[in-house]
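Trainee: Contents of start-v7.cif (mmCIF, C-alpha atoms) are below:
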```cif
data_upload
loop_
_atom_site.label_atom_id
_atom_site.label_comp_id
_atom_site.auth_asym_id
_atom_site.auth_seq_id
_atom_site.Cartn_x
_atom_site.Cartn_y
_atom_site.Cartn_z
CA MET A 1 0.00 0.00 0.00
CA SER A 2 1.37 3.43 -0.89
CA ALA A 3 0.29 6.72 0.67
CA THR A 4 -2.34 8.84 -1.01
CA GLN A 5 -0.68 11.63 -2.95
CA PHE A 6 -2.75 14.65 -2.05
CA GLU A 7 -1.12 17.02 -4.54
CA ARG A 8 -1.58 14.71 -7.50
CA LEU A 9 -5.24 14.07 -6.75
CA ILE A 10 -6.09 17.73 -6.15
CA SER A 11 -4.11 18.85 -9.23
CA ARG A 12 -5.82 16.27 -11.42
CA LEU A 13 -9.30 17.39 -10.41
CA SER A 14 -8.40 21.08 -10.70
CA GLN A 15 -6.68 20.73 -14.07
CA GLY A 16 -9.71 18.80 -15.30
CA GLN A 17 -11.89 21.78 -14.27
CA VAL A 18 -14.02 19.56 -12.08
CA GLU A 19 -16.42 21.44 -9.82
CA PHE A 20 -15.74 20.09 -6.34
CA VAL A 21 -15.44 21.09 -2.71
CA LEU A 22 -12.73 19.55 -0.60
CA ILE A 23 -14.30 18.11 2.56
CA GLY A 24 -13.35 15.63 5.30
CA GLY A 25 -9.94 15.12 6.85
CA LEU A 26 -7.90 17.01 4.27
CA ALA A 27 -10.19 20.03 4.57
CA ALA A 28 -9.68 19.84 8.34
CA THR A 29 -5.89 19.68 7.74
CA LEU A 30 -6.09 22.84 5.62
CA HIS A 31 -7.80 24.58 8.54
CA GLY A 32 -5.05 23.48 10.94
CA SER A 33 -6.19 20.09 12.28
CA ALA A 34 -3.42 17.81 13.55
CA TYR A 35 -5.18 14.55 12.66
CA VAL A 36 -3.59 12.42 9.95
CA THR A 37 -5.92 11.56 7.09
CA TYR A 38 -5.51 8.72 4.61
CA ASP A 39 -7.68 9.82 1.73
CA VAL A 40 -9.12 12.75 -0.18
CA ASP A 41 -12.85 13.43 0.21
CA VAL A 42 -14.66 15.69 -2.21
CA CYS A 43 -18.25 16.72 -2.78
CA TYR A 44 -18.79 16.99 -6.53
CA SER A 45 -21.40 18.73 -8.65
CA ARG A 46 -23.90 16.30 -10.15
CA ALA A 47 -24.37 18.39 -13.28
CA PRO A 48 -23.95 16.10 -16.35
CA GLU A 49 -21.11 18.25 -17.77
CA ASN A 50 -19.25 18.10 -14.49
CA ILE A 51 -19.69 14.35 -14.18
CA LYS A 52 -18.16 14.03 -17.66
CA ARG A 53 -15.19 16.21 -16.61
CA LEU A 54 -14.82 14.19 -13.39
CA CYS A 55 -14.70 10.88 -15.27
CA ASN A 56 -12.21 12.26 -17.80
CA ALA A 57 -9.97 13.58 -15.04
CA LEU A 58 -9.96 10.27 -13.17
CA GLU A 59 -9.67 7.86 -16.09
CA PRO A 60 -5.84 8.04 -16.43
CA ILE A 61 -5.37 7.13 -12.75
CA HIS A 62 -7.58 4.02 -13.01
CA PRO A 63 -10.24 4.57 -10.36
CA TYR A 64 -11.81 1.45 -8.91
CA LEU A 65 -14.16 0.61 -6.02
CA ARG A 66 -12.10 0.39 -2.85
CA GLY A 67 -12.16 -3.04 -1.28
CA ALA A 68 -14.12 -4.64 -4.14
CA PRO A 69 -12.90 -7.75 -5.98
CA ARG A 70 -10.90 -6.85 -9.10
CA ASP A 71 -13.16 -8.85 -11.41
CA LEU A 72 -16.25 -6.71 -10.82
CA PRO A 73 -17.57 -5.04 -13.98
CA PHE A 74 -17.07 -1.53 -12.59
CA ARG A 75 -16.05 1.58 -14.49
CA VAL A 76 -16.03 5.22 -13.47
CA ASP A 77 -18.00 6.60 -16.39
CA PRO A 78 -20.92 9.08 -16.62
CA PRO A 79 -23.72 6.44 -16.51
CA THR A 80 -22.17 4.83 -13.40
CA ILE A 81 -21.73 8.15 -11.60
CA GLN A 82 -25.22 9.31 -12.62
CA SER A 83 -26.80 6.15 -11.27
CA GLY A 84 -24.99 6.34 -7.93
CA LEU A 85 -24.23 9.13 -5.49
CA ASN A 86 -21.30 8.38 -3.19
CA PHE A 87 -18.27 6.34 -4.26
CA THR A 88 -15.25 5.19 -2.25
CA LEU A 89 -12.49 4.73 -4.79
CA THR A 90 -8.90 3.69 -4.95
CA THR A 91 -6.68 5.08 -7.73
CA ASP A 92 -3.06 4.87 -8.88
CA VAL A 93 -2.31 7.92 -6.72
CA GLY A 94 -4.34 7.01 -3.67
CA ASP A 95 -7.79 6.82 -2.15
CA LEU A 96 -10.53 9.20 -3.20
CA ASP A 97 -14.08 9.48 -1.87
CA LEU A 98 -16.64 11.13 -4.13
CA LEU A 99 -19.72 12.41 -2.36
CA GLY A 100 -22.80 13.73 -4.11
CA GLU A 101 -24.26 14.83 -0.78
CA VAL A 102 -22.87 15.63 2.64
CA SER A 103 -24.89 14.89 5.78
CA GLY A 104 -25.99 18.02 7.61
CA LEU A 105 -25.34 20.19 4.56
CA GLY A 106 -26.92 18.75 1.43
CA GLY A 107 -25.80 18.59 -2.20
CA PHE A 108 -22.98 20.37 -3.99
CA ASP A 109 -24.67 23.80 -4.03
CA GLN A 110 -25.24 23.81 -0.27
CA VAL A 111 -21.73 22.47 0.39
CA ALA A 112 -20.21 25.10 -1.92
CA ALA A 113 -22.17 27.80 -0.07
CA ALA A 114 -20.60 26.60 3.19
CA SER A 115 -17.07 26.61 1.75
CA GLU A 116 -14.26 29.09 1.31
CA ARG A 117 -11.70 29.56 -1.42
CA MET A 118 -8.13 28.54 -0.70
CA GLN A 119 -4.94 28.50 -2.70
CA LEU A 120 -3.42 25.02 -2.85
CA PHE A 121 -0.66 23.69 -5.14
CA GLY A 122 -1.17 26.62 -7.48
CA PHE A 123 -4.92 26.15 -7.80
CA THR A 124 -7.79 28.02 -6.21
CA ILE A 125 -10.05 25.39 -4.71
CA PHE A 126 -13.19 25.37 -2.59
CA VAL A 127 -12.69 23.96 0.89
CA LEU A 128 -15.51 23.29 3.33
CA SER A 129 -15.36 25.85 6.15
CA LEU A 130 -14.64 24.90 9.75
CA GLU A 131 -18.27 25.68 10.63
CA GLY A 132 -19.40 23.44 7.77
CA LEU A 133 -17.09 20.64 8.86
CA VAL A 134 -18.44 20.78 12.42
CA ARG A 135 -22.03 20.75 11.13
CA ALA A 136 -21.32 17.78 8.83
CA LYS A 137 -19.47 15.82 11.52
CA LYS A 138 -22.27 16.38 14.04
CA ALA A 139 -24.88 15.29 11.51
CA ALA A 140 -22.90 12.19 10.50
CA GLY A 141 -22.81 11.29 14.20
CA ARG A 142 -20.41 8.37 13.82
CA ARG A 143 -17.89 7.87 16.61
CA LYS A 144 -14.95 8.75 14.30
CA ASP A 145 -16.70 11.99 13.30
CA LEU A 146 -17.61 13.00 16.86
CA LEU A 147 -14.01 12.41 17.99
CA VAL A 148 -12.65 15.31 15.95
CA ILE A 149 -15.31 17.88 16.90
CA PRO A 150 -13.54 19.22 20.04
CA GLU A 151 -10.43 19.94 17.94
CA LEU A 152 -12.39 21.62 15.14
CA GLU A 153 -14.33 23.78 17.62
CA ALA A 154 -11.07 24.79 19.31
CA LEU A 155 -9.61 25.77 15.91
CA LEU A 156 -12.71 27.80 15.16
CA GLU A 157 -12.37 29.67 18.44
CA MET A 158 -8.61 30.23 17.98
CA LYS A 159 -9.19 31.65 14.49
CA LYS A 160 -11.96 33.95 15.73
CA ARG A 161 -9.67 35.20 18.50
CA ASP A 162 -6.93 35.91 15.93
CA THR A 163 -9.19 37.92 13.68
CA ARG A 164 -10.46 40.12 16.56
CA MET B 1 -47.61 33.61 42.39
CA SER B 2 -46.40 37.01 41.19
CA LYS B 3 -43.36 37.44 38.92
CA ALA B 4 -41.42 39.12 41.72
CA HIS B 5 -42.09 36.20 44.05
CA SER B 6 -40.93 33.62 41.54
CA LYS B 7 -37.72 35.63 40.89
CA ILE B 8 -36.91 35.63 44.61
CA LYS B 9 -37.58 31.90 44.76
CA ILE B 10 -35.13 31.21 41.90
CA LYS B 11 -32.49 33.42 43.53
CA LYS B 12 -32.89 31.55 46.84
CA LYS B 13 -32.64 28.23 45.05
CA ASN B 14 -29.36 29.27 43.38
CA THR B 15 -27.96 30.53 46.68
CA LEU B 16 -28.86 27.23 48.32
CA ARG B 17 -27.18 25.27 45.52
CA ALA B 18 -24.05 27.37 45.90
CA LYS B 19 -24.06 26.76 49.68
CA ASN B 20 -24.48 23.03 49.14
CA GLY B 21 -21.35 23.00 47.05
CA ASN B 22 -23.17 22.74 43.76
CA GLU B 23 -22.34 25.30 41.13
CA PRO B 24 -24.99 27.97 40.55
CA SER B 25 -27.02 27.50 37.39
CA ARG B 26 -25.58 30.60 35.69
CA ARG B 27 -21.94 29.47 35.64
CA LYS B 28 -19.62 30.69 32.91
CA LYS B 29 -19.55 28.43 29.83
CA LYS B 30 -16.17 26.81 29.13
CA SER B 31 -14.34 27.93 26.03
CA ALA B 32 -13.95 25.52 23.10
CA VAL B 33 -10.18 25.49 23.70
CA ASP B 34 -10.70 24.51 27.36
CA ARG B 35 -13.10 21.77 26.35
CA ALA B 36 -10.60 20.49 23.76
CA LEU B 37 -7.79 20.52 26.34
CA GLU B 38 -9.94 18.48 28.73
CA TYR B 39 -10.70 16.13 25.87
CA GLY B 40 -6.97 15.57 25.33
CA VAL B 41 -6.39 17.67 22.22
CA ASP B 42 -2.82 18.97 21.97
CA ILE B 43 -3.45 22.68 21.45
CA THR B 44 0.25 23.36 20.82
CA LEU B 45 0.01 21.33 17.60
CA LEU B 46 -2.91 23.47 16.47
CA GLN B 47 -1.04 26.67 17.35
CA GLN B 48 1.92 25.48 15.26
CA ASN B 49 -0.35 24.64 12.36
CA LEU B 50 -2.02 28.03 12.45
CA LYS B 51 1.37 29.71 12.03
CA ILE B 52 2.01 28.09 8.64
CA SER B 53 0.15 28.33 5.33
CA PRO B 54 -2.59 25.88 4.29
CA THR B 55 -0.27 24.40 1.61
CA GLU B 56 2.43 23.82 4.23
CA ARG B 57 -0.17 22.12 6.44
CA VAL B 58 -1.04 19.70 3.63
CA LEU B 59 2.64 19.05 2.88
CA ARG B 60 3.22 18.26 6.55
CA ALA B 61 0.18 15.97 6.57
CA GLN B 62 1.57 14.27 3.45
CA ALA B 63 4.92 13.73 5.14
CA ALA B 64 3.16 12.33 8.23
CA LEU B 65 1.04 10.00 6.12
CA ASP B 66 4.09 8.84 4.12
CA SER B 67 5.86 8.01 7.39
CA VAL B 68 2.87 6.14 8.79
CA VAL B 69 2.47 4.08 5.61
CA ALA B 70 6.24 3.36 5.48
CA MET B 71 6.20 2.22 9.11
CA GLN B 72 3.16 0.03 8.52
CA ALA B 73 4.94 -1.60 5.56
CA GLU B 74 8.05 -2.17 7.69
CA VAL B 75 6.02 -3.81 10.46
CA LYS B 76 4.28 -6.01 7.90
CA THR B 77 7.61 -7.15 6.44
CA PHE B 78 9.03 -7.78 9.90
CA ARG B 79 6.01 -9.90 10.90
CA ALA B 80 6.19 -11.90 7.66
CA LYS B 81 9.90 -12.60 8.30
CA GLN B 82 9.12 -13.64 11.89
CA LYS B 83 6.47 -16.06 10.64
CA GLN B 84 8.94 -17.61 8.20
CA ALA B 85 11.63 -18.04 10.84
#
```
Can you turn what I pasted into C-alpha cells?
Mentor:
Amino acid sequence: MSATQFERLISRLSQGQVEFVLIGGLAATLHGSAYVTYDVDVCYSRAPENIKRLCNALEPIHPYLRGAPRDLPFRVDPPTIQSGLNFTLTTDVGDLDLLGEVSGLGGFDQVAAASERMQLFGFTIFVLSLEGLVRAKKAAGRRKDLLVIPELEALLEMKKRDTR
Amino acid sequence: MSKAHSKIKIKKKNTLRAKNGNEPSRRKKKSAVDRALEYGVDITLLQQNLKISPTERVLRAQAALDSVVAMQAEVKTFRAKQKQA
C-alpha cells in the first residue's frame, strides 16, 4: 500500500476543471487540524457536464471501487456516476471518496455555499469551512466523526480570537 | 404567584445550591479550547499549524502520512519474516 498523494489528486481534479469542494480530513488539515488523514474526500457537482469532466480527469489514474474484488464489472463513467451518489475509490495515486451529498449540509450547491476559497498547489479550490465541517461531523454522528469535533471547535475559536 | 415572588424563589434556590457545594445554574460556559484541552487535544500542535500556510499544512500531513504508511509496511515485512523463521 502506498500513501495517497494529495497534490496529484487535487491537481488532477483542478486541471480537469471539475467542480468540487474539498471536505473531510484534508479540509480539516487545511484549517489546521493535527489529525492524519488517509484519503481525499470531495463533494462533486452532479451536473452532467461536471460528471463528464470528473470521469475524464480520473480515467488516467484508473479509479476502482475500494475493497471490491478486481473482477467486478465496474467503471467510473458518466452512466455509473449518474446512477450512484457516493463512491469510495482507490486510484493509482491514492484513495478518493466522491460524495454527491454531505450529511448536515446537502448537495454540492449547499456544500459550496458553506465553503471558502483557498490556494493550494497553485490552484484556487473550494474547501468546506470549519463551521461546515463541524455541522457535517455532528450530523454524521459516527464515533470517528464526533471524535474530531472538540479539535475543530477549538480551531474555530482560535481563528476567531486571531481575527479580533 | 407574582413574577417578583418567583424571581426571589429562583435566587434563593441558586444561593442554596451554591451553599451546598453545587455550582450555581448561571456558571460561565467553558471555552472551546478549554473543552478540547480536557478532551486531550494537543493545542500546541494546532497553534503550530495556524502559524504556517494551508499548503504547508497539507505538505506536513503528506509527510506524516508517508511516514505512517512506510512504518506500517516495515512492520508487515518484519512480521512476515518472523512467521517464516
Trainee: Please evaluate the PyMOL selection byres ((chain A and resi 33) around 8) against the displayed coordinates and give the resulting residues as a ChimeraX atom specification.
Mentor: /A:28-32,34-35,151-152,155 /B:46,49
Trainee: Please check which residues have atoms at most 10 Å from (-4.6, 5.2, -3.5) in the file's coordinates, counting only C-alpha atoms, and write them as a ChimeraX atom specification.
Mentor: /A:1-6,9,38-40,61,63-64,66,89-96
Trainee: Might you spell out which residues the PyMOL selection byres ((chain B and resi 53) around 12) would select in the displayed file, as a list in words?
Mentor: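 Taken over the shown coordinates, the PyMOL selection byres ((chain B and resi 53) around 12) returns Thr29, Leu30, His31, Gly32, Met118, Gln119, Leu120 and Phe121 of chain A; Gln48, Asn49, Leu50, Lys51, Ile52, Pro54, Thr55, Glu56, Arg57, Val58, Leu59 and Arg60 of chain B.
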Trainee: Around the point (-15.4, 16.6, 5.5), in the coordinates given by the file, pick out the residues reaching within 10 Å, counting all atoms listed in the file, and return them as a PDB file with C-alpha atoms, keeping the file's coordinate frame.
Mentor:
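Once written, out-v4.pdb looks like this:
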```pdb
ATOM      1  CA  VAL A  21     -15.440  21.090  -2.710  1.00  0.00           C
ATOM      2  CA  LEU A  22     -12.730  19.550  -0.600  1.00  0.00           C
ATOM      3  CA  ILE A  23     -14.300  18.110   2.560  1.00  0.00           C
ATOM      4  CA  GLY A  24     -13.350  15.630   5.300  1.00  0.00           C
ATOM      5  CA  GLY A  25      -9.940  15.120   6.850  1.00  0.00           C
ATOM      6  CA  LEU A  26      -7.900  17.010   4.270  1.00  0.00           C
ATOM      7  CA  ALA A  27     -10.190  20.030   4.570  1.00  0.00           C
ATOM      8  CA  ALA A  28      -9.680  19.840   8.340  1.00  0.00           C
ATOM      9  CA  VAL A  40      -9.120  12.750  -0.180  1.00  0.00           C
ATOM     10  CA  ASP A  41     -12.850  13.430   0.210  1.00  0.00           C
ATOM     11  CA  VAL A  42     -14.660  15.690  -2.210  1.00  0.00           C
ATOM     12  CA  CYS A  43     -18.250  16.720  -2.780  1.00  0.00           C
ATOM     13  CA  LEU A  99     -19.720  12.410  -2.360  1.00  0.00           C
ATOM     14  CA  VAL A 102     -22.870  15.630   2.640  1.00  0.00           C
ATOM     15  CA  SER A 103     -24.890  14.890   5.780  1.00  0.00           C
ATOM     16  CA  VAL A 127     -12.690  23.960   0.890  1.00  0.00           C
ATOM     17  CA  LEU A 128     -15.510  23.290   3.330  1.00  0.00           C
ATOM     18  CA  SER A 129     -15.360  25.850   6.150  1.00  0.00           C
ATOM     19  CA  LEU A 130     -14.640  24.900   9.750  1.00  0.00           C
ATOM     20  CA  GLY A 132     -19.400  23.440   7.770  1.00  0.00           C
ATOM     21  CA  LEU A 133     -17.090  20.640   8.860  1.00  0.00           C
ATOM     22  CA  VAL A 134     -18.440  20.780  12.420  1.00  0.00           C
ATOM     23  CA  ARG A 135     -22.030  20.750  11.130  1.00  0.00           C
ATOM     24  CA  ALA A 136     -21.320  17.780   8.830  1.00  0.00           C
ATOM     25  CA  LYS A 137     -19.470  15.820  11.520  1.00  0.00           C
ATOM     26  CA  ASP A 145     -16.700  11.990  13.300  1.00  0.00           C
TER      27      ASP A 145
END
```
Trainee: For the atom pair atom CA of B:Lys76 and atom CA of A:Lys144, what is the interatomic distance in Å to one decimal place?
Mentor: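 For atom CA of B:Lys76 relative to atom CA of A:Lys144, the distance reads 25.1 Å.
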Trainee: Can you spell out as a list of chain:residue names the set of residues that the PyMOL selection byres ((chain A and resi 54) around 10) selects in the structure I just provided?
Mentor: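 Going through the file, the PyMOL selection byres ((chain A and resi 54) around 10) ends up selecting A:Arg12, A:Leu13, A:Ser14, A:Gly16, A:Gln17, A:Val18, A:Glu19, A:Phe20, A:Tyr44, A:Ser45, A:Arg46, A:Pro48, A:Glu49, A:Asn50, A:Ile51, A:Lys52, A:Arg53, A:Cys55, A:Asn56, A:Ala57, A:Leu58, A:Glu59, A:Val76, A:Asp77, A:Pro78, A:Ile81, A:Leu98.
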Trainee: How far is it from atom CA of B:Ala32 to atom CA of A:Glu131, in Å with one decimal?
Mentor: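 Distance reported for this atom pair: 13.2 Å.
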Trainee: Can you tell me, as lines of an AutoDock Vina configuration file, the centre and edge lengths (Å, one decimal) of the axis-aligned box enclosing all of stretch 5-12 of chain A's listed atoms after padding each side by 8 Å?
Mentor:
```
center_x = -3.4
center_y = 15.2
center_z = -6.7
size_x = 21.4
size_y = 23.2
size_z = 25.4
```
Trainee: Output stretch 28-39 of chain B with all heavy atoms present, as a PDB file, keeping the file's coordinate frame.
Mentor:
```
ATOM      1  N   LYS B  28     -20.193  30.286  34.188  1.00  0.00           N
ATOM      2  CA  LYS B  28     -19.620  30.690  32.910  1.00  0.00           C
ATOM      3  C   LYS B  28     -19.353  29.460  32.034  1.00  0.00           C
ATOM      4  O   LYS B  28     -18.798  28.466  32.525  1.00  0.00           O
ATOM      5  CB  LYS B  28     -18.309  31.442  33.165  1.00  0.00           C
ATOM      6  CG  LYS B  28     -17.972  32.384  32.046  1.00  0.00           C
ATOM      7  CD  LYS B  28     -16.657  33.084  32.333  1.00  0.00           C
ATOM      8  CE  LYS B  28     -16.145  33.717  31.066  1.00  0.00           C
ATOM      9  NZ  LYS B  28     -14.759  34.117  31.192  1.00  0.00           N
ATOM     10  N   LYS B  29     -19.745  29.547  30.757  1.00  0.00           N
ATOM     11  CA  LYS B  29     -19.550  28.430  29.830  1.00  0.00           C
ATOM     12  C   LYS B  29     -18.058  28.281  29.502  1.00  0.00           C
ATOM     13  O   LYS B  29     -17.376  29.290  29.293  1.00  0.00           O
ATOM     14  CB  LYS B  29     -20.348  28.698  28.564  1.00  0.00           C
ATOM     15  CG  LYS B  29     -20.755  27.454  27.849  1.00  0.00           C
ATOM     16  CD  LYS B  29     -21.499  27.791  26.587  1.00  0.00           C
ATOM     17  CE  LYS B  29     -21.431  26.631  25.637  1.00  0.00           C
ATOM     18  NZ  LYS B  29     -21.837  27.016  24.279  1.00  0.00           N
ATOM     19  N   LYS B  30     -17.586  27.044  29.461  1.00  0.00           N
ATOM     20  CA  LYS B  30     -16.170  26.810  29.130  1.00  0.00           C
ATOM     21  C   LYS B  30     -15.902  27.158  27.678  1.00  0.00           C
ATOM     22  O   LYS B  30     -16.768  26.963  26.817  1.00  0.00           O
ATOM     23  CB  LYS B  30     -15.834  25.346  29.360  1.00  0.00           C
ATOM     24  CG  LYS B  30     -15.433  25.049  30.772  1.00  0.00           C
ATOM     25  CD  LYS B  30     -15.028  23.612  30.890  1.00  0.00           C
ATOM     26  CE  LYS B  30     -14.840  23.274  32.339  1.00  0.00           C
ATOM     27  NZ  LYS B  30     -14.859  21.853  32.579  1.00  0.00           N
ATOM     28  N   SER B  31     -14.694  27.618  27.413  1.00  0.00           N
ATOM     29  CA  SER B  31     -14.340  27.930  26.030  1.00  0.00           C
ATOM     30  C   SER B  31     -14.095  26.620  25.265  1.00  0.00           C
ATOM     31  O   SER B  31     -13.837  25.575  25.878  1.00  0.00           O
ATOM     32  CB  SER B  31     -13.073  28.786  25.985  1.00  0.00           C
ATOM     33  OG  SER B  31     -11.954  27.990  26.276  1.00  0.00           O
ATOM     34  N   ALA B  32     -14.167  26.708  23.941  1.00  0.00           N
ATOM     35  CA  ALA B  32     -13.950  25.520  23.100  1.00  0.00           C
ATOM     36  C   ALA B  32     -12.531  24.993  23.295  1.00  0.00           C
ATOM     37  O   ALA B  32     -12.302  23.777  23.278  1.00  0.00           O
ATOM     38  CB  ALA B  32     -14.200  25.864  21.643  1.00  0.00           C
ATOM     39  N   VAL B  33     -11.572  25.914  23.489  1.00  0.00           N
ATOM     40  CA  VAL B  33     -10.180  25.490  23.700  1.00  0.00           C
ATOM     41  C   VAL B  33     -10.062  24.718  25.023  1.00  0.00           C
ATOM     42  O   VAL B  33      -9.406  23.668  25.086  1.00  0.00           O
ATOM     43  CB  VAL B  33      -9.222  26.708  23.675  1.00  0.00           C
ATOM     44  CG1 VAL B  33      -7.827  26.327  24.122  1.00  0.00           C
ATOM     45  CG2 VAL B  33      -9.184  27.317  22.273  1.00  0.00           C
ATOM     46  N   ASP B  34     -10.729  25.214  26.068  1.00  0.00           N
ATOM     47  CA  ASP B  34     -10.700  24.510  27.360  1.00  0.00           C
ATOM     48  C   ASP B  34     -11.321  23.129  27.251  1.00  0.00           C
ATOM     49  O   ASP B  34     -10.807  22.154  27.804  1.00  0.00           O
ATOM     50  CB  ASP B  34     -11.426  25.334  28.431  1.00  0.00           C
ATOM     51  CG  ASP B  34     -10.617  26.538  28.869  1.00  0.00           C
ATOM     52  OD1 ASP B  34      -9.392  26.536  28.656  1.00  0.00           O
ATOM     53  OD2 ASP B  34     -11.211  27.494  29.409  1.00  0.00           O
ATOM     54  N   ARG B  35     -12.430  23.064  26.526  1.00  0.00           N
ATOM     55  CA  ARG B  35     -13.100  21.770  26.350  1.00  0.00           C
ATOM     56  C   ARG B  35     -12.183  20.792  25.586  1.00  0.00           C
ATOM     57  O   ARG B  35     -12.073  19.625  25.935  1.00  0.00           O
ATOM     58  CB  ARG B  35     -14.422  21.937  25.594  1.00  0.00           C
ATOM     59  CG  ARG B  35     -15.540  22.568  26.414  1.00  0.00           C
ATOM     60  CD  ARG B  35     -16.901  22.287  25.807  1.00  0.00           C
ATOM     61  NE  ARG B  35     -17.011  22.728  24.428  1.00  0.00           N
ATOM     62  CZ  ARG B  35     -17.361  23.948  24.050  1.00  0.00           C
ATOM     63  NH1 ARG B  35     -17.629  24.863  24.971  1.00  0.00           N
ATOM     64  NH2 ARG B  35     -17.451  24.287  22.781  1.00  0.00           N
ATOM     65  N   ALA B  36     -11.509  21.325  24.557  1.00  0.00           N
ATOM     66  CA  ALA B  36     -10.600  20.490  23.760  1.00  0.00           C
ATOM     67  C   ALA B  36      -9.431  19.996  24.615  1.00  0.00           C
ATOM     68  O   ALA B  36      -9.022  18.839  24.523  1.00  0.00           O
ATOM     69  CB  ALA B  36     -10.093  21.265  22.556  1.00  0.00           C
ATOM     70  N   LEU B  37      -8.904  20.887  25.455  1.00  0.00           N
ATOM     71  CA  LEU B  37      -7.790  20.520  26.340  1.00  0.00           C
ATOM     72  C   LEU B  37      -8.225  19.387  27.270  1.00  0.00           C
ATOM     73  O   LEU B  37      -7.497  18.404  27.459  1.00  0.00           O
ATOM     74  CB  LEU B  37      -7.348  21.726  27.174  1.00  0.00           C
ATOM     75  CG  LEU B  37      -6.388  22.688  26.491  1.00  0.00           C
ATOM     76  CD1 LEU B  37      -6.275  23.980  27.287  1.00  0.00           C
ATOM     77  CD2 LEU B  37      -4.999  22.068  26.330  1.00  0.00           C
ATOM     78  N   GLU B  38      -9.416  19.525  27.845  1.00  0.00           N
ATOM     79  CA  GLU B  38      -9.940  18.480  28.730  1.00  0.00           C
ATOM     80  C   GLU B  38     -10.121  17.162  27.980  1.00  0.00           C
ATOM     81  O   GLU B  38      -9.961  16.094  28.534  1.00  0.00           O
ATOM     82  CB  GLU B  38     -11.304  18.907  29.296  1.00  0.00           C
ATOM     83  CG  GLU B  38     -11.177  19.760  30.531  1.00  0.00           C
ATOM     84  CD  GLU B  38     -12.528  20.178  31.073  1.00  0.00           C
ATOM     85  OE1 GLU B  38     -13.554  19.595  30.695  1.00  0.00           O
ATOM     86  OE2 GLU B  38     -12.529  21.129  31.865  1.00  0.00           O
ATOM     87  N   TYR B  39     -10.456  17.291  26.716  1.00  0.00           N
ATOM     88  CA  TYR B  39     -10.700  16.130  25.870  1.00  0.00           C
ATOM     89  C   TYR B  39      -9.392  15.426  25.490  1.00  0.00           C
ATOM     90  O   TYR B  39      -9.380  14.297  25.049  1.00  0.00           O
ATOM     91  CB  TYR B  39     -11.433  16.602  24.618  1.00  0.00           C
ATOM     92  CG  TYR B  39     -12.058  15.526  23.790  1.00  0.00           C
ATOM     93  CD1 TYR B  39     -13.233  14.906  24.198  1.00  0.00           C
ATOM     94  CD2 TYR B  39     -11.483  15.128  22.591  1.00  0.00           C
ATOM     95  CE1 TYR B  39     -13.807  13.917  23.435  1.00  0.00           C
ATOM     96  CE2 TYR B  39     -12.055  14.147  21.817  1.00  0.00           C
ATOM     97  CZ  TYR B  39     -13.220  13.540  22.248  1.00  0.00           C
ATOM     98  OH  TYR B  39     -13.790  12.562  21.491  1.00  0.00           O
TER      99      TYR B  39
END
```
